[in-house]
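Have a look at run_17.txt below; it lists compact mmCIF, C-alpha atoms and all ligand atoms.
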# COMPACT_ATOMS: atom_id res chain seq x y z
CA MET A 1 -18.87 29.94 9.74
CA PRO A 2 -20.00 27.04 12.00
CA THR A 3 -16.99 24.89 12.95
CA LEU A 4 -18.24 21.75 11.18
CA CYS A 5 -18.58 23.56 7.84
CA LYS A 6 -15.04 24.92 8.03
CA PRO A 7 -12.35 23.18 5.96
CA GLY A 8 -10.23 20.79 8.01
CA VAL A 9 -6.51 21.30 8.65
CA LEU A 10 -4.31 18.65 10.24
CA VAL A 11 -1.45 19.88 12.45
CA THR A 12 0.87 16.91 12.90
CA ARG A 13 2.58 17.95 16.18
CA PRO A 14 1.45 20.05 19.16
CA ILE A 15 2.30 23.76 18.64
CA PHE A 16 1.72 27.15 20.26
CA PRO A 17 -1.94 27.76 21.29
CA GLU A 18 -1.75 31.20 19.63
CA VAL A 19 -1.14 29.52 16.28
CA ILE A 20 -3.97 27.05 16.75
CA ALA A 21 -6.25 29.97 17.68
CA ARG A 22 -5.26 31.87 14.54
CA LEU A 23 -5.97 28.84 12.36
CA ALA A 24 -9.27 28.23 14.15
CA GLU A 25 -10.54 31.64 12.99
CA HIS A 26 -10.74 30.14 9.48
CA VAL A 27 -10.50 26.37 9.64
CA ARG A 28 -11.40 23.33 11.73
CA VAL A 29 -8.09 22.38 13.35
CA CYS A 30 -7.20 18.76 14.14
CA VAL A 31 -4.02 18.55 16.18
CA GLN A 32 -2.08 15.35 16.66
CA GLU A 33 -1.65 15.82 20.41
CA GLU A 34 1.15 13.34 21.00
CA ASP A 35 4.50 14.97 20.37
CA ARG A 36 6.00 12.30 18.16
CA ARG A 37 6.40 11.70 14.46
CA LEU A 38 3.33 10.12 12.85
CA GLU A 39 4.12 6.86 11.10
CA PRO A 40 3.24 6.99 7.36
CA ALA A 41 0.10 4.85 7.79
CA ALA A 42 -1.09 7.01 10.69
CA LEU A 43 -0.42 10.18 8.72
CA ARG A 44 -2.47 8.83 5.80
CA GLU A 45 -5.27 7.97 8.20
CA ARG A 46 -5.25 11.36 9.97
CA VAL A 47 -5.06 13.45 6.80
CA ARG A 48 -8.18 11.91 5.28
CA GLY A 49 -10.76 14.62 4.43
CA MET A 50 -8.36 17.47 5.25
CA VAL A 51 -7.97 20.50 2.98
CA GLY A 52 -4.79 21.70 4.65
CA LEU A 53 -1.80 20.06 6.30
CA LEU A 54 0.61 21.81 8.68
CA SER A 55 3.64 19.54 8.55
CA PHE A 56 7.13 19.46 10.05
CA VAL A 57 10.51 18.14 8.91
CA THR A 58 9.75 14.84 10.63
CA ASP A 59 6.73 14.18 8.36
CA ARG A 60 7.34 12.31 5.13
CA VAL A 61 4.65 13.76 2.89
CA ASP A 62 4.66 11.59 -0.23
CA ALA A 63 2.12 10.87 -2.97
CA SER A 64 0.38 8.24 -0.83
CA VAL A 65 -0.30 10.83 1.88
CA MET A 66 -1.65 13.28 -0.71
CA ASP A 67 -3.84 10.60 -2.28
CA ALA A 68 -5.29 9.76 1.14
CA SER A 69 -7.05 13.14 0.98
CA PRO A 70 -8.23 14.12 -2.50
CA GLU A 71 -9.51 17.37 -0.87
CA LEU A 72 -5.95 18.44 0.08
CA ARG A 73 -5.18 21.91 -1.39
CA VAL A 74 -2.29 23.25 0.70
CA ILE A 75 0.67 21.95 2.71
CA GLY A 76 2.32 24.48 5.02
CA ASN A 77 5.66 23.00 6.04
CA CYS A 78 6.85 24.55 9.29
CA ALA A 79 10.50 24.76 8.16
CA VAL A 80 12.60 26.50 5.58
CA GLY A 81 13.68 23.12 4.12
CA TYR A 82 11.03 21.06 2.36
CA ASP A 83 12.92 17.96 1.26
CA ASN A 84 10.42 15.94 3.36
CA ILE A 85 7.71 16.70 0.81
CA ASP A 86 7.38 15.19 -2.65
CA LEU A 87 7.07 18.48 -4.50
CA ASP A 88 6.48 16.95 -7.93
CA ALA A 89 3.64 14.83 -6.56
CA ALA A 90 2.09 17.92 -4.95
CA THR A 91 2.41 19.96 -8.14
CA ALA A 92 0.86 17.15 -10.19
CA ARG A 93 -2.12 17.17 -7.83
CA GLY A 94 -2.48 20.98 -7.78
CA ILE A 95 -1.51 21.19 -4.09
CA GLN A 96 0.30 24.36 -3.03
CA VAL A 97 3.32 23.74 -0.81
CA SER A 98 4.91 26.46 1.31
CA ASN A 99 7.87 26.88 3.66
CA THR A 100 8.90 29.47 6.26
CA PRO A 101 11.87 31.38 4.81
CA GLY A 102 13.52 34.33 6.51
CA VAL A 103 12.14 33.94 10.02
CA LEU A 104 14.70 31.37 11.17
CA THR A 105 17.80 32.86 9.55
CA GLU A 106 19.29 34.53 12.62
CA ALA A 107 18.54 31.70 15.07
CA THR A 108 20.11 29.13 12.73
CA ALA A 109 23.18 31.31 12.14
CA ASP A 110 23.53 31.71 15.92
CA LEU A 111 23.47 27.94 16.35
CA ALA A 112 26.06 27.41 13.62
CA TRP A 113 28.27 29.81 15.59
CA ALA A 114 27.51 28.05 18.86
CA LEU A 115 28.81 24.87 17.22
CA ILE A 116 31.87 26.60 15.77
CA LEU A 117 32.83 27.93 19.21
CA ALA A 118 31.98 24.69 20.99
CA VAL A 119 34.18 22.58 18.71
CA ALA A 120 37.02 25.09 18.25
CA ARG A 121 37.31 25.68 22.01
CA LYS A 122 36.51 22.12 23.15
CA LEU A 123 33.62 23.31 25.32
CA VAL A 124 31.86 19.97 25.72
CA PRO A 125 34.87 17.92 26.93
CA ALA A 126 35.95 20.85 29.11
CA ASP A 127 32.51 21.06 30.70
CA ARG A 128 32.50 17.29 31.28
CA HIS A 129 35.96 17.53 32.87
CA VAL A 130 34.70 20.05 35.44
CA ARG A 131 31.47 18.16 36.18
CA GLN A 132 33.40 14.94 36.72
CA GLY A 133 35.46 16.63 39.44
CA ARG A 134 38.68 16.42 37.42
CA PHE A 135 39.43 20.17 37.46
CA HIS A 136 42.28 20.59 39.93
CA GLY A 137 43.42 24.00 38.75
CA TRP A 138 44.60 25.84 35.64
CA GLY A 139 46.94 23.94 33.34
CA PRO A 140 49.14 25.45 30.63
CA MET A 141 48.38 22.66 28.16
CA ASP A 142 44.76 21.95 29.03
CA PHE A 143 42.04 21.94 26.37
CA LEU A 144 44.02 23.83 23.76
CA GLY A 145 41.69 24.87 20.98
CA THR A 146 41.84 26.73 17.69
CA ASP A 147 42.13 30.50 17.21
CA LEU A 148 39.24 31.93 15.21
CA CYS A 149 40.75 35.37 14.66
CA GLY A 150 42.63 35.24 11.37
CA ALA A 151 41.36 31.75 10.52
CA THR A 152 39.51 31.08 7.26
CA LEU A 153 35.79 30.39 7.43
CA GLY A 154 34.42 28.54 4.40
CA ILE A 155 30.70 28.89 3.79
CA LEU A 156 29.10 26.39 1.45
CA GLY A 157 25.84 27.99 0.30
CA MET A 158 25.57 31.75 0.63
CA GLY A 159 21.80 32.14 0.94
CA ARG A 160 20.12 33.95 3.82
CA ILE A 161 21.62 31.73 6.53
CA GLY A 162 25.09 31.59 4.95
CA ARG A 163 25.15 35.40 4.81
CA ALA A 164 24.02 35.68 8.44
CA VAL A 165 26.87 33.34 9.43
CA ALA A 166 29.29 35.51 7.42
CA ARG A 167 28.11 38.69 9.17
CA ARG A 168 28.94 37.15 12.53
CA ALA A 169 32.39 36.08 11.28
CA VAL A 170 33.29 39.72 10.71
CA GLY A 171 33.24 40.31 14.46
CA PHE A 172 35.65 37.41 14.89
CA ARG A 173 38.00 38.98 12.29
CA MET A 174 38.02 35.92 10.10
CA ARG A 175 38.82 35.59 6.42
CA ILE A 176 35.64 34.48 4.63
CA LEU A 177 35.46 32.29 1.54
CA TYR A 178 32.23 30.99 0.07
CA THR A 179 30.88 28.81 -2.67
CA SER A 180 27.44 29.42 -4.09
CA ARG A 181 25.55 29.26 -7.35
CA SER A 182 25.66 33.05 -7.73
CA PRO A 183 27.78 35.83 -6.25
CA VAL A 184 26.23 37.56 -3.24
CA GLU A 185 25.66 41.25 -2.82
CA PRO A 186 28.48 42.69 -0.69
CA LEU A 187 27.91 42.40 3.03
CA PRO A 188 27.30 45.70 4.83
CA ALA A 189 30.27 48.08 4.71
CA ASP A 190 31.63 46.99 8.09
CA ALA A 191 32.02 43.43 6.76
CA THR A 192 35.13 44.53 4.93
CA LEU A 193 36.64 45.96 8.11
CA GLY A 194 37.15 42.51 9.57
CA GLY A 195 39.33 39.85 8.09
CA ALA A 196 42.24 40.35 10.49
CA GLY A 197 44.30 42.23 7.98
CA PHE A 198 42.88 40.53 4.89
CA GLY A 199 40.95 43.74 4.22
CA GLU A 200 38.65 42.08 1.68
CA GLY A 201 35.01 41.08 1.82
CA PRO A 202 33.95 37.45 1.41
CA GLU A 203 35.55 35.84 -1.66
CA ARG A 204 33.60 33.49 -3.93
CA VAL A 205 35.70 30.42 -4.78
CA PRO A 206 35.11 27.02 -6.38
CA LEU A 207 34.40 24.05 -4.08
CA ASP A 208 37.89 22.56 -4.37
CA ARG A 209 39.46 25.81 -3.10
CA LEU A 210 36.87 26.13 -0.36
CA LEU A 211 37.77 22.64 0.88
CA ARG A 212 41.51 23.18 0.60
CA GLU A 213 41.66 26.58 2.32
CA SER A 214 38.97 26.55 5.03
CA ASP A 215 39.90 26.07 8.67
CA ILE A 216 36.21 25.86 9.43
CA LEU A 217 33.71 24.75 6.81
CA THR A 218 30.04 25.42 7.49
CA LEU A 219 27.22 24.04 5.33
CA HIS A 220 24.15 26.06 4.35
CA VAL A 221 22.72 24.39 1.26
CA PRO A 222 19.27 22.84 0.91
CA LEU A 223 19.08 19.09 0.34
CA SER A 224 18.50 18.16 -3.30
CA GLU A 225 19.80 15.57 -5.76
CA SER A 226 22.77 17.82 -6.44
CA THR A 227 23.68 18.34 -2.76
CA PHE A 228 23.22 14.74 -1.58
CA HIS A 229 26.64 13.66 -0.18
CA LEU A 230 28.16 16.85 -1.53
CA ILE A 231 30.68 16.38 1.27
CA GLY A 232 31.81 12.79 0.75
CA ARG A 233 35.01 10.82 1.28
CA GLN A 234 36.91 12.66 -1.45
CA GLU A 235 35.86 16.12 -0.25
CA LEU A 236 36.73 15.29 3.37
CA ALA A 237 40.16 14.09 2.22
CA ALA A 238 40.72 17.44 0.51
CA MET A 239 40.15 19.40 3.74
CA LYS A 240 42.96 20.65 5.97
CA PRO A 241 44.11 18.11 8.60
CA ALA A 242 42.94 20.23 11.55
CA SER A 243 39.79 21.59 9.92
CA ILE A 244 36.35 21.62 11.51
CA LEU A 245 33.10 20.77 9.72
CA ILE A 246 29.83 22.36 10.87
CA ASN A 247 26.47 21.13 9.59
CA THR A 248 23.18 22.83 10.46
CA SER A 249 21.61 22.24 7.02
CA ARG A 250 20.58 18.66 6.25
CA GLY A 251 22.34 15.48 7.32
CA LYS A 252 22.29 13.89 3.88
CA VAL A 253 24.54 16.64 2.50
CA VAL A 254 27.39 14.81 4.29
CA ASP A 255 28.42 11.17 3.94
CA GLU A 256 28.24 10.55 7.68
CA ALA A 257 30.10 7.21 7.63
CA ALA A 258 32.98 8.84 5.75
CA LEU A 259 32.97 11.69 8.27
CA VAL A 260 33.23 9.26 11.19
CA GLU A 261 36.22 7.60 9.49
CA ALA A 262 37.96 10.93 8.83
CA LEU A 263 37.47 12.05 12.44
CA ARG A 264 38.47 8.71 13.90
CA ASP A 265 41.66 8.68 11.83
CA ALA A 266 42.40 12.27 12.93
CA ARG A 267 42.35 13.46 9.33
CA MET A 268 40.21 16.38 10.53
CA GLY A 269 40.11 18.46 13.67
CA GLY A 270 36.46 18.05 14.60
CA ALA A 271 32.83 18.46 13.68
CA GLY A 272 29.75 20.20 15.02
CA LEU A 273 26.52 18.60 13.87
CA ASP A 274 22.88 19.52 14.34
CA VAL A 275 21.53 17.23 11.61
CA TYR A 276 22.11 13.61 10.57
CA GLU A 277 21.79 11.43 7.52
CA ASP A 278 19.16 9.15 8.98
CA GLU A 279 17.58 11.18 11.79
CA PRO A 280 17.14 10.45 14.62
CA ALA A 281 19.74 7.67 14.16
CA LEU A 282 23.43 8.60 14.20
CA ALA A 283 26.14 6.85 12.21
CA PRO A 284 27.85 4.11 14.24
CA GLY A 285 30.86 5.48 16.07
CA LEU A 286 29.88 9.15 15.86
CA CYS A 287 29.03 9.47 19.54
CA ASP A 288 32.26 7.77 20.61
CA LEU A 289 34.33 10.60 19.20
CA ASP A 290 35.52 13.33 21.53
CA ASN A 291 36.10 15.92 18.82
CA VAL A 292 32.43 16.05 17.81
CA VAL A 293 29.55 18.06 19.23
CA VAL A 294 26.17 16.52 18.44
CA LEU A 295 22.91 18.45 18.84
CA PRO A 296 19.33 17.23 18.29
CA HIS A 297 18.35 19.39 15.23
CA ILE A 298 17.75 22.61 17.20
CA GLY A 299 18.96 25.22 14.67
CA SER A 300 15.70 27.17 14.76
CA ALA A 301 14.76 26.24 18.33
CA THR A 302 14.11 29.54 20.08
CA VAL A 303 10.68 30.52 21.36
CA GLY A 304 10.48 33.58 19.13
CA THR A 305 11.68 31.84 16.00
CA ARG A 306 9.53 28.74 16.37
CA MET A 307 6.50 30.97 17.00
CA LYS A 308 7.21 32.94 13.81
CA MET A 309 7.72 29.74 11.83
CA ALA A 310 4.45 28.20 13.03
CA MET A 311 2.55 31.46 12.48
CA THR A 312 4.00 31.76 8.95
CA ALA A 313 2.96 28.19 8.16
CA ALA A 314 -0.54 28.93 9.52
CA GLU A 315 -0.92 32.11 7.43
CA ASN A 316 0.16 30.21 4.33
CA ILE A 317 -2.45 27.55 5.03
CA ILE A 318 -5.22 30.09 5.63
CA GLN A 319 -4.56 31.61 2.20
CA GLY A 320 -4.39 28.20 0.57
CA VAL A 321 -7.66 26.87 1.97
CA GLN A 322 -9.34 30.05 0.73
CA GLY A 323 -8.12 29.27 -2.78
CA ARG A 324 -5.61 32.13 -2.86
CA ARG A 325 -1.98 32.02 -3.88
CA VAL A 326 0.08 31.01 -0.87
CA PRO A 327 2.71 33.67 -0.01
CA ASN A 328 5.65 31.32 0.54
CA ARG A 329 4.78 28.81 -2.17
CA VAL A 330 7.74 26.65 -3.21
CA ASN A 331 6.15 24.79 -6.12
CA THR A 332 6.43 27.83 -8.33
CA GLY A 333 5.55 25.81 -11.44
CA LEU A 334 1.97 25.36 -10.23
CA PRO A 335 -0.28 27.22 -12.70
CA VAL A 336 -3.09 28.21 -10.31
CA PRO A 337 -4.22 30.25 -8.44
C1 LIG B 1 14.26 23.94 8.77
O1 LIG B 1 13.57 24.95 8.96
O2 LIG B 1 14.46 23.48 7.65
C2 LIG B 1 14.86 23.30 9.99
O3 LIG B 1 15.65 22.24 9.71
C3 LIG B 1 13.79 22.93 11.00
O4 LIG B 1 13.74 23.95 11.88

I need this file expressed as structure tokens, please.
Ligand code: DGY
Amino acid sequence: MPTLCKPGVLVTRPIFPEVIARLAEHVRVCVQEEDRRLEPAALRERVRGMVGLLSFVTDRVDASVMDASPELRVIGNCAVGYDNIDLDAATARGIQVSNTPGVLTEATADLAWALILAVARKLVPADRHVRQGRFHGWGPMDFLGTDLCGATLGILGMGRIGRAVARRAVGFRMRILYTSRSPVEPLPADATLGGAGFGEGPERVPLDRLLRESDILTLHVPLSESTFHLIGRQELAAMKPASILINTSRGKVVDEAALVEALRDARMGGAGLDVYEDEPALAPGLCDLDNVVVLPHIGSATVGTRMKMAMTAAENIIQGVQGRRVPNRVNTGLPVP
């Protein structure tokens, strides 16, 4: 099909050339070449006339964006989370919306573990200490951290990523508790070999027990009305005094101001954060705290994973512009196709 007759697809950030090439086999690709978030007005302007939109977590795709292009049929969000898209508005307009589940599970679980280890073993202040030339030899009381072996890992949300985090905890011989809407299938047989003498597989518990008993609490729930500030002042107060909070899900699941207070008052041991309530802004005071590791939303940021995510989003869009059912459609209520 000549390029000009092909349906248009807007890609809102620069991505791998292989993905652009794959899209270009079927559609006319318009890439926003500057690697920055498009302001809402610019997004409305750029999407005009497009049939597909390849969006990212930084794009706020609301009804006004959809109305800017009455031709819009499919939105392929290059992320597993899709809280940046007004799903009801898309469904009402017959627009298929898709995400990229599965392909980022392992990379995100790895990063949650990187944060657990970094906070528990004080890696960032220890690294700074060496770089600043303050390391004058081994010290018996220097940078004392937290033992992971035998500690209790609490997993809030036992979906794909929560389960991948749990699998890794087996190797650390941790006791695993979790809270989720439904019980999970047992982990592979070797999962029950861990637990440092606990001998049991992961135990499903209510939230209040998860908060009370976890030494490390890691969050793996999507953002929705029911998970907004799920970890607020009251929940933080219920956690153990030396506990560590890890968040690689969505910033708004945690009341960040309350977290800063709890950390500042030493009511918790520390936190490892990859996501923030009002990204890219951080709550005042967060960066002044020594017991916090802050990362710039890089849970899925490996070459292989980001390639798979972008390719998955592209394949979803190709199906959508051809009027077929999109494989990873998240607005399941949509009657057609
Ligand atoms: C996701 O996939 O939801 C991440 O937050 C972006 O990689």

Task: Point-to-point distance from CA of Asp142 in chain A to CA of Ala126 in chain A, Å rounded to tenths - done: 8.9 Å

TODO: Find the residues near range 66-80 of chain A: any atom within 6 Å, counting all atoms listed in the file, skip ones fewer than 3 places away on the same chain, and give them as number ranges by chain.
DONE: A: 44, 48-56, 63, 95-101, 309-310, 313, 317, 320

10 Å shell around ligand LIG 1 (chain B) using only C-alpha atoms and all ligand atoms, listed as a compact mmCIF listing (two decimals) with C-alpha atoms, keeping the file's coordinate frame:
# COMPACT_ATOMS: atom_id res chain seq x y z
CA PHE A 56 7.13 19.46 10.05
CA VAL A 57 10.51 18.14 8.91
CA THR A 58 9.75 14.84 10.63
CA ASN A 77 5.66 23.00 6.04
CA CYS A 78 6.85 24.55 9.29
CA ALA A 79 10.50 24.76 8.16
CA VAL A 80 12.60 26.50 5.58
CA GLY A 81 13.68 23.12 4.12
CA TYR A 82 11.03 21.06 2.36
CA ASP A 83 12.92 17.96 1.26
CA ASN A 84 10.42 15.94 3.36
CA ASN A 99 7.87 26.88 3.66
CA THR A 100 8.90 29.47 6.26
CA PRO A 101 11.87 31.38 4.81
CA GLY A 102 13.52 34.33 6.51
CA VAL A 103 12.14 33.94 10.02
CA LEU A 104 14.70 31.37 11.17
CA THR A 105 17.80 32.86 9.55
CA ALA A 107 18.54 31.70 15.07
CA THR A 108 20.11 29.13 12.73
CA PRO A 222 19.27 22.84 0.91
CA LEU A 223 19.08 19.09 0.34
CA THR A 248 23.18 22.83 10.46
CA SER A 249 21.61 22.24 7.02
CA ARG A 250 20.58 18.66 6.25
CA GLY A 251 22.34 15.48 7.32
CA ASP A 274 22.88 19.52 14.34
CA VAL A 275 21.53 17.23 11.61
CA HIS A 297 18.35 19.39 15.23
CA ILE A 298 17.75 22.61 17.20
CA GLY A 299 18.96 25.22 14.67
CA SER A 300 15.70 27.17 14.76
CA ALA A 301 14.76 26.24 18.33
CA THR A 302 14.11 29.54 20.08
CA THR A 305 11.68 31.84 16.00
CA ARG A 306 9.53 28.74 16.37
CA MET A 309 7.72 29.74 11.83

Open item on the list: Just checking: using all atoms listed in the file, which residue out of A:Val119, A:Cys5, A:Val253, A:Leu87 ends up closest to Asn331 in chain A?
Closed with: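 Ranking A:Val119, A:Cys5, A:Val253, A:Leu87 by distance to Asn331 in chain A, first place goes to A:Leu87.
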
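Here CA of Gly162 in chain A and CA of Ser243 in chain A stand 18.5 Å from one another.
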
- [ ] Using all atoms listed in the file, find the one residue out of A:Ala118, A:Val19, A:Ile176, A:Ile246 that sits nearest to Ala151 in chain A.
- [x]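 Comparing A:Ala118, A:Val19, A:Ile176, A:Ile246 against Ala151 in chain A, the winner is A:Ile176.
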
Task: Test item: residues at most 12 Å from Leu153 in chain A, all atoms listed in the file, excluding those fewer than 6 positions along its chain, as a ChimeraX atom specification - done: /A:112-113,116,147,162,165-170,172-179,195,202-204,210-219,243-246

TODO: Determine the nearest neighbour of Arg36 in chain A from the options A:Phe16, A:Pro280, A:Gly154, A:Leu289, counting only C-alpha atoms.
DONE: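 Closest residue, counting only C-alpha atoms: A:Pro280.
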
TODO: Taking (34.0, 17.0, -0.7) in the file's own coordinates, collect the residues within 12 Å, counting all atoms listed in the file, and hand them back as an MDAnalysis selection string.
DONE: chainID A and resid 156 206:212 217 219 227:240 245 253:255 258:259 262

Would you export the selected residues with C-alpha atoms as a compact mmCIF listing (two decimals), in the frame of the given file, please?
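See result.txt below for the written result:
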# COMPACT_ATOMS: atom_id res chain seq x y z
CA LEU A 156 29.10 26.39 1.45
CA PRO A 206 35.11 27.02 -6.38
CA LEU A 207 34.40 24.05 -4.08
CA ASP A 208 37.89 22.56 -4.37
CA ARG A 209 39.46 25.81 -3.10
CA LEU A 210 36.87 26.13 -0.36
CA LEU A 211 37.77 22.64 0.88
CA ARG A 212 41.51 23.18 0.60
CA LEU A 217 33.71 24.75 6.81
CA LEU A 219 27.22 24.04 5.33
CA THR A 227 23.68 18.34 -2.76
CA PHE A 228 23.22 14.74 -1.58
CA HIS A 229 26.64 13.66 -0.18
CA LEU A 230 28.16 16.85 -1.53
CA ILE A 231 30.68 16.38 1.27
CA GLY A 232 31.81 12.79 0.75
CA ARG A 233 35.01 10.82 1.28
CA GLN A 234 36.91 12.66 -1.45
CA GLU A 235 35.86 16.12 -0.25
CA LEU A 236 36.73 15.29 3.37
CA ALA A 237 40.16 14.09 2.22
CA ALA A 238 40.72 17.44 0.51
CA MET A 239 40.15 19.40 3.74
CA LYS A 240 42.96 20.65 5.97
CA LEU A 245 33.10 20.77 9.72
CA VAL A 253 24.54 16.64 2.50
CA VAL A 254 27.39 14.81 4.29
CA ASP A 255 28.42 11.17 3.94
CA ALA A 258 32.98 8.84 5.75
CA LEU A 259 32.97 11.69 8.27
CA ALA A 262 37.96 10.93 8.83

- [ ] Compare A:Leu117, A:Val221, A:Ile85, A:Ala21 by their minimum atom-to-atom distance to Val292 in chain A, counting only C-alpha atoms, and give me the closest one.
- [x]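 For Val292 in chain A, the nearest of the candidates is A:Leu117.
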
- [ ] Measure the distance from CA of Val294 in chain A to CA of Arg134 in chain A in Å and round it to one decimal.
- [x]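 Interatomic distance, CA of Val294 in chain A to CA of Arg134 in chain A: 22.7 Å.
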
TODO: Dig up all the protein and nucleic acid residues within 10 Å of (-3.8, 24.3, -8.7) in the file frame, using only C-alpha atoms, and format them as a PyMOL selection string.
DONE: chain A and resi 73-74+90-96+323-325+333-337
